[in-house]
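**Student:** As input, take coords-v2.txt (compact mmCIF, C-alpha atoms):
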```
# COMPACT_ATOMS: atom_id res chain seq x y z
CA MET A 1 0.00 0.00 0.00
CA LYS A 2 2.84 2.39 0.86
CA VAL A 3 4.55 1.59 -2.43
CA ILE A 4 1.41 2.48 -4.39
CA LEU A 5 1.04 5.74 -2.46
CA ILE A 6 4.67 6.64 -3.14
CA LEU A 7 4.28 5.86 -6.84
CA LEU A 8 1.11 7.95 -7.07
CA SER A 9 2.75 10.93 -5.35
CA PHE A 10 5.77 10.68 -7.67
CA PHE A 11 3.45 10.53 -10.70
CA ALA A 12 1.51 13.59 -9.50
CA ALA A 13 4.75 15.50 -8.87
CA SER A 14 5.99 14.78 -12.40
CA PHE A 15 2.75 16.19 -13.82
CA SER A 16 3.05 19.38 -11.79
CA VAL A 17 6.64 19.94 -12.97
CA ASN A 18 5.58 20.03 -16.63
CA ALA A 19 2.30 21.88 -16.13
CA GLN A 20 1.51 24.93 -18.16
CA ALA A 21 2.35 28.33 -16.73
CA LYS A 22 0.03 31.07 -15.58
CA VAL A 23 -0.33 34.14 -17.85
CA ILE A 24 0.55 37.52 -16.33
CA THR A 25 -1.15 40.64 -17.72
CA SER A 26 0.15 44.20 -17.44
CA VAL A 27 -0.86 47.52 -19.06
CA ASN A 28 1.46 50.51 -19.47
CA ASP A 29 0.65 53.86 -17.84
CA ALA A 30 -0.81 55.39 -21.01
CA GLY A 31 -3.08 52.37 -21.44
CA ASP A 32 -2.17 51.81 -25.08
CA VAL A 33 0.01 48.69 -24.71
CA ALA A 34 -0.93 45.51 -22.87
CA THR A 35 1.61 42.77 -22.23
CA TYR A 36 0.77 39.11 -21.74
CA GLU A 37 3.55 36.74 -20.74
CA LEU A 38 4.10 33.45 -18.97
CA ASP A 39 4.75 33.69 -15.25
CA SER A 40 8.46 32.98 -14.87
CA SER A 41 8.75 34.32 -11.32
CA ALA A 42 9.32 30.83 -9.91
CA LYS A 43 11.00 29.25 -12.97
CA PHE A 44 11.04 29.28 -16.74
CA GLN A 45 9.19 26.61 -18.70
CA THR A 46 11.34 23.82 -20.15
CA LEU A 47 11.49 23.35 -23.93
CA ALA A 48 14.31 20.78 -23.96
CA LYS A 49 17.04 19.64 -21.59
CA GLY A 50 19.14 22.74 -20.94
CA LEU A 51 16.73 25.01 -22.85
CA ARG A 52 14.04 27.08 -21.16
CA TYR A 53 11.63 29.66 -22.57
CA ASN A 54 9.11 32.42 -22.04
CA ILE A 55 6.48 33.72 -24.48
CA THR A 56 5.38 37.38 -24.56
CA ARG A 57 2.62 39.13 -26.50
CA HIS A 58 2.42 42.92 -26.76
CA GLU A 59 -1.05 44.11 -27.74
CA PHE A 60 -1.23 47.64 -29.14
CA LYS A 61 -4.39 49.75 -29.38
CA GLY A 62 -5.27 51.36 -32.68
CA PRO A 63 -6.04 50.13 -36.20
CA GLU A 64 -2.47 50.37 -37.54
CA MET A 65 -0.82 48.54 -34.66
CA LYS A 66 -0.56 44.77 -34.61
CA ASN A 67 0.17 42.34 -31.83
CA SER A 68 3.79 41.29 -31.55
CA TYR A 69 4.87 37.89 -30.22
CA ARG A 70 8.31 36.98 -28.90
CA LEU A 71 9.86 33.73 -27.75
CA LEU A 72 12.69 34.15 -25.23
CA LEU A 73 15.08 31.19 -25.21
CA VAL A 74 17.45 30.68 -22.27
CA MET A 75 20.26 28.14 -22.61
CA ASP A 76 21.55 26.72 -19.33
CA GLY A 77 25.31 26.53 -19.05
CA PHE A 78 25.92 27.33 -22.71
CA TYR A 79 29.56 28.05 -23.45
CA SER A 80 31.41 28.71 -26.67
CA LYS A 81 35.22 28.65 -26.90
CA THR A 82 35.14 30.92 -29.94
CA LEU A 83 34.73 34.63 -29.40
CA ASN A 84 32.13 35.86 -31.90
CA LYS A 85 30.60 39.20 -32.79
CA GLU A 86 27.23 37.58 -33.41
CA MET A 87 25.57 34.21 -33.10
CA THR A 88 22.60 32.64 -34.90
CA ILE A 89 19.86 30.70 -33.14
CA SER A 90 17.35 28.73 -35.25
CA ALA A 91 14.09 26.97 -34.39
CA VAL A 92 13.34 24.25 -36.96
CA LEU A 93 9.61 23.52 -37.37
CA SER A 94 7.96 20.27 -38.43
CA ASP A 95 6.78 21.83 -41.73
CA GLY A 96 10.41 22.57 -42.66
CA SER A 97 10.33 26.32 -42.02
CA VAL A 98 12.87 27.98 -39.77
CA ILE A 99 12.54 30.86 -37.30
CA GLU A 100 15.94 32.49 -36.95
CA ALA A 101 17.52 35.28 -34.94
CA ARG A 102 20.98 36.79 -34.90
CA LYS A 103 22.24 37.70 -31.46
CA ILE A 104 24.79 40.51 -31.18
CA ILE A 105 27.24 39.39 -28.56
CA GLU A 106 28.49 41.57 -25.73
CA ASP A 107 31.70 43.60 -26.05
CA ASP A 108 33.75 40.89 -24.34
CA GLY A 109 32.73 38.41 -27.08
CA PHE A 110 30.87 36.00 -24.82
CA PHE A 111 27.27 34.88 -25.34
CA ASP A 112 25.02 35.48 -22.30
CA GLY A 113 22.84 32.41 -22.98
CA ALA A 114 19.57 34.20 -23.91
CA CYS A 115 18.03 35.08 -27.25
CA THR A 116 14.64 36.40 -28.39
CA LEU A 117 12.96 35.09 -31.53
CA LYS A 118 10.15 37.12 -33.13
CA ILE A 119 7.09 35.00 -33.94
CA LYS A 120 5.46 36.45 -37.06
CA ASP A 121 2.51 34.02 -37.20
CA PRO A 122 1.71 32.44 -33.82
CA ASN A 123 -1.26 30.48 -35.21
CA ALA A 124 1.02 28.80 -37.75
CA LEU A 125 3.37 27.93 -34.90
CA LEU A 126 0.43 26.30 -33.10
CA LYS A 127 -0.17 24.07 -36.14
CA ALA A 128 3.50 23.14 -36.61
CA ASP A 129 5.77 21.67 -33.95
CA ILE A 130 9.19 22.99 -33.06
CA ASN A 131 11.32 19.89 -33.67
CA LYS A 132 14.65 21.31 -32.58
CA VAL A 133 16.49 24.48 -31.67
CA ILE A 134 20.00 24.95 -33.06
CA VAL A 135 22.60 27.36 -31.68
CA HIS A 136 25.21 27.98 -34.37
CA ALA A 137 28.44 28.59 -32.44
CA ASP A 138 31.94 27.13 -32.91
CA LYS A 139 29.95 23.92 -33.45
CA ASP A 140 26.19 23.52 -33.82
CA VAL A 141 24.45 22.75 -30.52
CA VAL A 142 21.12 21.01 -31.14
CA TYR A 143 18.30 20.88 -28.59
CA SER A 144 15.70 18.23 -29.51
CA LEU A 145 12.19 18.57 -28.06
CA THR A 146 10.13 15.78 -26.50
CA ALA A 147 6.47 15.26 -27.40
CA GLU A 148 5.44 16.23 -23.87
CA ASN A 149 7.36 19.54 -23.98
CA LYS A 150 5.91 20.30 -27.43
CA ALA A 151 2.38 19.79 -26.06
CA VAL A 152 3.00 22.05 -23.03
CA PHE A 153 4.56 24.69 -25.31
CA LYS A 154 1.47 24.65 -27.55
CA LYS A 155 -0.85 25.03 -24.53
CA ASN A 156 1.22 27.95 -23.24
CA LEU A 157 1.30 29.62 -26.68
CA SER A 158 -2.46 29.15 -27.04
CA ASN A 159 -2.98 30.72 -23.60
CA ILE A 160 -0.88 33.75 -24.60
CA ILE A 161 -2.77 34.15 -27.92
CA ASN A 162 -6.18 33.96 -26.21
CA ALA A 163 -5.30 36.03 -23.11
CA LYS A 164 -7.52 39.08 -22.53
```
Translate the structure of the given file into structure tokens.

**Tutor:**
Amino acid sequence: MKVILILLSFFAASFSVNAQAKVITSVNDAGDVATYELDSSAKFQTLAKGLRYNITRHEFKGPEMKNSYRLLLVMDGFYSKTLNKEMTISAVLSDGSVIEARKIIEDDGFFDGACTLKIKDPNALLKADINKVIVHADKDVVYSLTAENKAVFKKNLSNIINAK
């Protein structure tokens, strides 16, 4: 009986670790920009081993302004021996398309481990899976995503898109 109870508590704990994050809403003082982002006050969501993320949507008032979506990627313990002026980070989707960003590296030549990708079409990203994230450094570092992390990412992205 104790073994079953221990197994059930471990199973419940593993579900809570990979649960979707709460969405935080804020509005600037002028009231013309609202920001919706995942709550990363306790921890960032995990996309792959060593790769965490946060999603942000800026909603602008007015007919000419569009929503902007950004995906912040944080690489744990990333280190490159080569000093670079810039680095490229790519997210490869299941439909073959690639979301890419160039990161200008600090004056000392070292990469700080974080990069922001602009998401032009979040609904298309909901339909396609991110299969892997590649950091192009002195050698390519590939982060492969699990099916479970892809599902949690899609739930979090959907929550950001639909947040009011």

**Student:** Could you give me, as a list of chain:residue names, the residues within 8 Å of A:Ile99, counting all atoms listed in the file and dropping anything in the same chain fewer than 6 positions from it?

**Tutor:**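 Neighbouring residues, sequence-local ones excluded: A:Ser90, A:Ala91, A:Val92, A:Leu93, A:Leu117, A:Lys118, A:Ile119.
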
**Student:** Around the point (4.0, 33.9, -37.0) (coordinates from the file), which residues reach within 12 Å if we count all atoms listed in the file? Answer as a list of chain:residue names.

**Tutor:**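 Checked against the point, the hits come out as A:Arg57, A:Asn67, A:Ser68, A:Tyr69, A:Arg70, A:Leu71, A:Leu93, A:Ser97, A:Val98, A:Ile99, A:Leu117, A:Lys118, A:Ile119, A:Lys120, A:Asp121, A:Pro122, A:Asn123, A:Ala124, A:Leu125, A:Leu126, A:Lys127, A:Ala128, A:Leu157, A:Ile161.
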
**Student:** My list of candidates is A:Arg52, A:Val135, A:Ile130, A:Val74. Which is closest to A:Thr88 when distances are computed with all atoms listed in the file?

**Tutor:**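 Closest residue, counting all atoms listed in the file: A:Val135.
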
**Student:** Of the candidates A:Ala34, A:Val133, A:Ala163, A:Val27, which shows the shortest atom-to-atom distance to A:Ser94, using all atoms listed in the file?

**Tutor:**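 Smallest separation from A:Ser94 among the options: A:Val133.
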
**Student:** With distances taken over only C-alpha atoms, which of A:Asp140, A:Asp32, A:Glu148, A:Asp76 is nearest to A:Ala114?

**Tutor:**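 Closest residue, counting only C-alpha atoms: A:Asp76.
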
**Student:** What is the distance between atom CA of A:Ala21 and atom CA of A:Lys49, in Å to one decimal?

**Tutor:**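 Computed distance, atom CA of A:Ala21 to atom CA of A:Lys49, equals 17.7 Å.
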
**Student:** When you draw a straight line from atom CA of A:Ser144 to atom CA of A:Gly50, how long is it in Å?

**Tutor:**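 Computing it gives 10.3 Å between the two atoms.
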
**Student:** Would you work out the distance separating atom CA of A:Tyr143 from atom CA of A:Leu72, expressed in Å to one decimal?

**Tutor:**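 Computed distance, atom CA of A:Tyr143 to atom CA of A:Leu72, equals 14.8 Å.
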
**Student:** Nearest residue to A:Val142 out of A:Val33, A:Leu38, A:Leu51, A:Asp129, using all atoms listed in the file?

**Tutor:**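 Using all atoms listed in the file, the shortest distance to A:Val142 belongs to A:Leu51.
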
**Student:** Kindly provide, as a ChimeraX atom specification, the polymer residues lying within 12 Å of (8.6, 31.6, -12.9), counting only C-alpha atoms and using the coordinates exactly as they appear in the file.

**Tutor:** /A:17,20-24,37-46,52-55

**Student:** Go ahead and fit an axis-aligned box to every listed atom of stretch 128-137 of chain A plus 3 Å each side, and pass me the centre and edge lengths in Å, one decimal, as JSON.

**Tutor:**
```
{"center_x": 16.0, "center_y": 24.2, "center_z": -34.1, "size_x": 30.9, "size_y": 14.7, "size_z": 10.9}
```

**Student:** Would you mind completing stretch 21-37 of chain A so that it carries N, CA, C and O atoms, and writing it out as a PDB file, in the coordinates of the input?

**Tutor:**
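Contents of part17.pdb, as written:
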```
ATOM      1  N   ALA A  21       2.135  27.178 -17.602  1.00  0.00           N
ATOM      2  CA  ALA A  21       2.350  28.330 -16.730  1.00  0.00           C
ATOM      3  C   ALA A  21       1.152  29.259 -16.739  1.00  0.00           C
ATOM      4  O   ALA A  21       0.379  29.291 -17.687  1.00  0.00           O
ATOM      5  N   LYS A  22       1.059  30.047 -15.692  1.00  0.00           N
ATOM      6  CA  LYS A  22       0.030  31.070 -15.580  1.00  0.00           C
ATOM      7  C   LYS A  22       0.423  32.264 -16.455  1.00  0.00           C
ATOM      8  O   LYS A  22       1.597  32.545 -16.640  1.00  0.00           O
ATOM      9  N   VAL A  23      -0.574  32.966 -17.005  1.00  0.00           N
ATOM     10  CA  VAL A  23      -0.330  34.140 -17.850  1.00  0.00           C
ATOM     11  C   VAL A  23      -0.458  35.392 -16.987  1.00  0.00           C
ATOM     12  O   VAL A  23      -1.446  35.571 -16.276  1.00  0.00           O
ATOM     13  N   ILE A  24       0.545  36.255 -17.062  1.00  0.00           N
ATOM     14  CA  ILE A  24       0.550  37.520 -16.330  1.00  0.00           C
ATOM     15  C   ILE A  24       0.176  38.637 -17.311  1.00  0.00           C
ATOM     16  O   ILE A  24       0.706  38.699 -18.422  1.00  0.00           O
ATOM     17  N   THR A  25      -0.701  39.526 -16.888  1.00  0.00           N
ATOM     18  CA  THR A  25      -1.150  40.640 -17.720  1.00  0.00           C
ATOM     19  C   THR A  25      -0.691  41.956 -17.097  1.00  0.00           C
ATOM     20  O   THR A  25      -0.804  42.146 -15.886  1.00  0.00           O
ATOM     21  N   SER A  26      -0.182  42.859 -17.923  1.00  0.00           N
ATOM     22  CA  SER A  26       0.150  44.200 -17.440  1.00  0.00           C
ATOM     23  C   SER A  26      -0.181  45.208 -18.530  1.00  0.00           C
ATOM     24  O   SER A  26      -0.149  44.895 -19.717  1.00  0.00           O
ATOM     25  N   VAL A  27      -0.519  46.436 -18.127  1.00  0.00           N
ATOM     26  CA  VAL A  27      -0.860  47.520 -19.060  1.00  0.00           C
ATOM     27  C   VAL A  27       0.028  48.702 -18.710  1.00  0.00           C
ATOM     28  O   VAL A  27       0.190  49.036 -17.532  1.00  0.00           O
ATOM     29  N   ASN A  28       0.592  49.369 -19.749  1.00  0.00           N
ATOM     30  CA  ASN A  28       1.460  50.510 -19.470  1.00  0.00           C
ATOM     31  C   ASN A  28       0.636  51.693 -18.947  1.00  0.00           C
ATOM     32  O   ASN A  28      -0.595  51.691 -18.994  1.00  0.00           O
ATOM     33  N   ASP A  29       1.317  52.720 -18.460  1.00  0.00           N
ATOM     34  CA  ASP A  29       0.650  53.860 -17.840  1.00  0.00           C
ATOM     35  C   ASP A  29      -0.300  54.599 -18.772  1.00  0.00           C
ATOM     36  O   ASP A  29      -1.340  55.083 -18.358  1.00  0.00           O
ATOM     37  N   ALA A  30       0.045  54.694 -20.044  1.00  0.00           N
ATOM     38  CA  ALA A  30      -0.810  55.390 -21.010  1.00  0.00           C
ATOM     39  C   ALA A  30      -2.015  54.541 -21.398  1.00  0.00           C
ATOM     40  O   ALA A  30      -2.982  55.054 -21.955  1.00  0.00           O
ATOM     41  N   GLY A  31      -1.955  53.251 -21.147  1.00  0.00           N
ATOM     42  CA  GLY A  31      -3.080  52.370 -21.440  1.00  0.00           C
ATOM     43  C   GLY A  31      -3.170  51.921 -22.886  1.00  0.00           C
ATOM     44  O   GLY A  31      -4.160  51.347 -23.291  1.00  0.00           O
ATOM     45  N   ASP A  32      -2.103  52.177 -23.670  1.00  0.00           N
ATOM     46  CA  ASP A  32      -2.170  51.810 -25.080  1.00  0.00           C
ATOM     47  C   ASP A  32      -1.428  50.520 -25.423  1.00  0.00           C
ATOM     48  O   ASP A  32      -1.515  50.037 -26.539  1.00  0.00           O
ATOM     49  N   VAL A  33      -0.704  49.942 -24.479  1.00  0.00           N
ATOM     50  CA  VAL A  33       0.010  48.690 -24.710  1.00  0.00           C
ATOM     51  C   VAL A  33      -0.250  47.740 -23.544  1.00  0.00           C
ATOM     52  O   VAL A  33      -0.016  48.084 -22.391  1.00  0.00           O
ATOM     53  N   ALA A  34      -0.750  46.561 -23.880  1.00  0.00           N
ATOM     54  CA  ALA A  34      -0.930  45.510 -22.870  1.00  0.00           C
ATOM     55  C   ALA A  34       0.095  44.424 -23.149  1.00  0.00           C
ATOM     56  O   ALA A  34       0.405  44.130 -24.302  1.00  0.00           O
ATOM     57  N   THR A  35       0.622  43.841 -22.097  1.00  0.00           N
ATOM     58  CA  THR A  35       1.610  42.770 -22.230  1.00  0.00           C
ATOM     59  C   THR A  35       1.076  41.534 -21.553  1.00  0.00           C
ATOM     60  O   THR A  35       0.604  41.584 -20.419  1.00  0.00           O
ATOM     61  N   TYR A  36       1.159  40.416 -22.267  1.00  0.00           N
ATOM     62  CA  TYR A  36       0.770  39.110 -21.740  1.00  0.00           C
ATOM     63  C   TYR A  36       1.987  38.206 -21.839  1.00  0.00           C
ATOM     64  O   TYR A  36       2.579  38.073 -22.910  1.00  0.00           O
ATOM     65  N   GLU A  37       2.389  37.618 -20.722  1.00  0.00           N
ATOM     66  CA  GLU A  37       3.550  36.740 -20.740  1.00  0.00           C
ATOM     67  C   GLU A  37       3.380  35.622 -19.716  1.00  0.00           C
ATOM     68  O   GLU A  37       2.569  35.728 -18.795  1.00  0.00           O
TER      69      GLU A  37
END
```
